[in-house]
>>> print(open('input.txt').read())   # compact mmCIF, C-alpha atoms
# COMPACT_ATOMS: atom_id res chain seq x y z
CA MET A 1483 8.82 -17.53 12.24
CA ALA A 1484 8.91 -13.86 13.18
CA GLU A 1485 6.52 -11.45 11.53
CA THR A 1486 8.18 -9.05 9.07
CA ASN A 1487 7.60 -5.31 9.30
CA THR A 1488 5.54 -5.46 6.10
CA GLN A 1489 3.36 -8.24 7.52
CA LEU A 1490 2.91 -6.22 10.72
CA ILE A 1491 1.73 -3.20 8.73
CA GLU A 1492 -0.65 -5.30 6.60
CA ARG A 1493 -2.14 -6.75 9.78
CA ILE A 1494 -2.75 -3.38 11.42
CA TYR A 1495 -4.60 -2.02 8.37
CA GLY A 1496 -6.92 -5.02 8.51
CA CYS A 1497 -7.48 -4.47 12.23
CA PHE A 1498 -8.05 -0.72 11.81
CA ASN A 1499 -10.59 -1.16 9.02
CA ALA A 1500 -12.39 -3.83 11.08
CA ARG A 1501 -12.42 -1.44 14.10
CA ASP A 1502 -10.34 -3.95 16.07
CA ILE A 1503 -8.67 -1.31 18.21
CA ASP A 1504 -7.07 -3.85 20.55
CA GLY A 1505 -5.54 -5.64 17.56
CA VAL A 1506 -3.82 -2.44 16.48
CA LEU A 1507 -2.85 -1.29 19.98
CA ALA A 1508 -1.10 -4.61 20.59
CA THR A 1509 1.39 -3.69 17.83
CA LEU A 1510 2.27 -0.29 19.31
CA ALA A 1511 5.08 0.54 21.70
CA GLU A 1512 3.84 1.73 25.10
CA ASP A 1513 5.19 5.24 24.41
CA VAL A 1514 4.18 5.41 20.73
CA ALA A 1515 3.87 8.83 19.05
CA TRP A 1516 0.83 8.60 16.74
CA ALA A 1517 -0.21 11.31 14.25
CA ASN A 1518 -3.64 12.81 14.89
CA GLY A 1519 -5.13 13.22 11.41
CA MET A 1520 -8.23 15.03 12.72
CA ASP A 1521 -6.73 17.76 14.87
CA GLY A 1522 -3.02 17.75 14.06
CA GLY A 1523 -0.12 16.95 16.33
CA HIS A 1524 0.53 13.55 17.87
CA GLU A 1525 -1.06 11.35 20.48
CA HIS A 1526 1.42 9.83 22.94
CA GLY A 1527 0.96 6.35 24.35
CA ARG A 1528 -1.54 3.57 23.71
CA ASP A 1529 -4.26 5.03 25.94
CA ALA A 1530 -4.14 8.33 24.05
CA VAL A 1531 -4.37 6.50 20.70
CA ARG A 1532 -7.39 4.54 21.98
CA ALA A 1533 -9.10 7.76 23.11
CA TYR A 1534 -8.33 9.44 19.76
CA TRP A 1535 -9.78 6.61 17.68
CA THR A 1536 -12.80 6.25 19.94
CA ARG A 1537 -13.52 9.95 19.43
CA GLN A 1538 -12.83 9.77 15.67
CA TRP A 1539 -15.04 6.73 15.11
CA ALA A 1540 -17.90 8.43 16.96
CA VAL A 1541 -18.07 11.14 14.25
CA VAL A 1542 -16.75 9.57 11.02
CA SER A 1543 -16.14 6.18 9.42
CA PRO A 1544 -12.61 6.10 7.95
CA HIS A 1545 -11.21 3.37 5.71
CA VAL A 1546 -7.57 3.17 4.62
CA GLU A 1547 -6.49 1.01 1.71
CA PRO A 1548 -2.73 0.44 1.34
CA VAL A 1549 -1.62 0.45 -2.31
CA ALA A 1550 2.20 0.47 -2.06
CA THR A 1551 4.85 -0.03 0.60
CA SER A 1552 8.50 1.03 0.53
CA GLU A 1553 11.31 0.88 3.03
CA ARG A 1554 12.91 4.30 3.59
CA ALA A 1555 15.51 3.23 6.11
CA GLU A 1556 16.07 0.38 8.54
CA GLY A 1557 12.83 0.09 10.52
CA VAL A 1558 11.01 2.87 8.58
CA LEU A 1559 8.21 1.91 6.21
CA ALA A 1560 6.24 4.32 4.04
CA VAL A 1561 2.82 3.12 2.97
CA GLU A 1562 0.86 4.89 0.25
CA VAL A 1563 -2.81 4.68 1.21
CA ILE A 1564 -6.12 5.76 -0.22
CA GLN A 1565 -8.01 7.29 2.68
CA THR A 1566 -11.80 7.32 2.40
CA ILE A 1567 -13.83 9.13 5.04
CA ARG A 1568 -17.59 8.70 5.29
CA ASP A 1569 -20.21 9.78 7.79
CA LEU A 1570 -21.59 7.20 10.18
CA ASP A 1571 -24.30 6.27 7.64
CA GLY A 1572 -21.70 5.60 4.90
CA ARG A 1573 -22.30 8.80 2.95
CA PRO A 1574 -19.52 11.11 1.67
CA LEU A 1575 -18.77 13.95 4.07
CA ALA A 1576 -19.96 17.51 3.55
CA GLY A 1577 -19.03 20.57 5.59
CA GLN A 1578 -16.76 18.79 8.06
CA SER A 1579 -14.70 20.88 10.45
CA HIS A 1580 -11.89 18.36 11.04
CA GLY A 1581 -8.85 17.63 8.89
CA LEU A 1582 -10.03 14.27 7.57
CA LYS A 1583 -11.04 13.95 3.93
CA ASP A 1584 -10.80 11.56 0.99
CA LYS A 1585 -7.28 11.64 -0.42
CA THR A 1586 -4.12 9.67 -1.04
CA VAL A 1587 -1.48 10.06 1.67
CA PHE A 1588 1.67 8.38 2.92
CA HIS A 1589 1.64 6.72 6.32
CA VAL A 1590 5.17 6.50 7.71
CA PHE A 1591 5.85 3.94 10.42
CA GLN A 1592 8.95 3.66 12.58
CA ILE A 1593 9.30 0.12 13.89
CA CYS A 1594 11.68 -1.18 16.53
CA ASP A 1595 11.75 -4.75 17.86
CA GLY A 1596 8.41 -5.61 16.24
CA ARG A 1597 6.56 -2.59 17.70
CA ILE A 1598 5.48 0.65 16.06
CA THR A 1599 7.20 3.51 17.87
CA ARG A 1600 6.05 6.40 15.67
CA PHE A 1601 3.40 7.04 13.01
CA ASP A 1602 3.30 10.12 10.76
CA ILE A 1603 1.06 11.22 7.90
CA GLU A 1604 2.52 12.91 4.81
CA ASP A 1605 0.33 14.47 2.14
CA HIS A 1606 0.83 12.93 -1.27
>>> encode(input="input.txt", output="C-alpha cells")
Amino acid sequence: MAETNTQLIERIYGCFNARDIDGVLATLAEDVAWANGMDGGHEHGRDAVRAYWTRQWAVVSPHVEPVATSERAEGVLAVEVIQTIRDLDGRPLAGQSHGLKDKTVFHVFQICDGRITRFDIEDH
C-alpha cells in the first residue's frame, strides 16, 4: 500500500526530531527547494539541505511538533507546528543572531509523486 502524503509528513517529522537526516533526505526530490529558517531564502537540492541542517544542528537543537495538518490544494499540505529551539545543552536560547526562535508556524509542503519538491515556512 502506498504511503499517503500525510503519512509521509508524519514520518519526516519523526526523522527530523531524531536527527535522522538520511531518513528525511530520502523523501525529498533531488531538486527540492527547502526554506532556510535560520538565514532566510531557500536551499536547493538534497546536498544543500544536508549542509544547512548540519550547520544548524551544530549551533542549536530544534524540535518541531506537528499539531494540525490541512490540505490546501492537490499535493500541498500545510502543517501547523510548535517549533522549540534550544541550545546544545537543552537550555532556552538567549541573544541568538539567527532567525530561529520558539513559536508556532506553518510548514507548507509541495509533494509530487511521493517526494517533497518544495518546503516553505509561514509565520502563524
>>> atom_distance(input="input.txt", atom1="CA of Leu1570 in chain A", atom2="CA of Pro1544 in chain A")
9.3 Å
>>> residues_around(input="input.txt", residues="Glu1485 in chain A", least_positions_apart="3", cutoff="8 Å", atoms="all atoms listed in the file", output="MDAnalysis selection string")
chainID A and resid 1489:1490 1596
>>> residues_around(input="input.txt", residues="Phe1591 in chain A", least_positions_apart="3", cutoff="12 Å", atoms="only C-alpha atoms", output="MDAnalysis selection string")
chainID A and resid 1487:1488 1490:1492 1494 1509:1511 1514:1517 1551:1562 1588 1594 1596:1604
>>> residues_around(input="input.txt", residues="Pro1574 in chain A", least_positions_apart="6", cutoff="10 Å", atoms="all atoms listed in the file", output="PyMOL selection string")
chain A and resi 1542-1543+1566-1568+1583-1584
>>> closest_residue(input="input.txt", among="A:Arg1532, A:Met1520, A:His1526, A:Val1546", to="Ala1508 in chain A", atoms="only C-alpha atoms")
A:Arg1532
>>> closest_residue(input="input.txt", among="A:Leu1507, A:Glu1547, A:Asp1605, A:Val1587", to="Ala1530 in chain A", atoms="all atoms listed in the file")
A:Leu1507
>>> atom_distance(input="input.txt", atom1="CA of Gly1496 in chain A", atom2="CA of Gln1538 in chain A")
17.5 Å
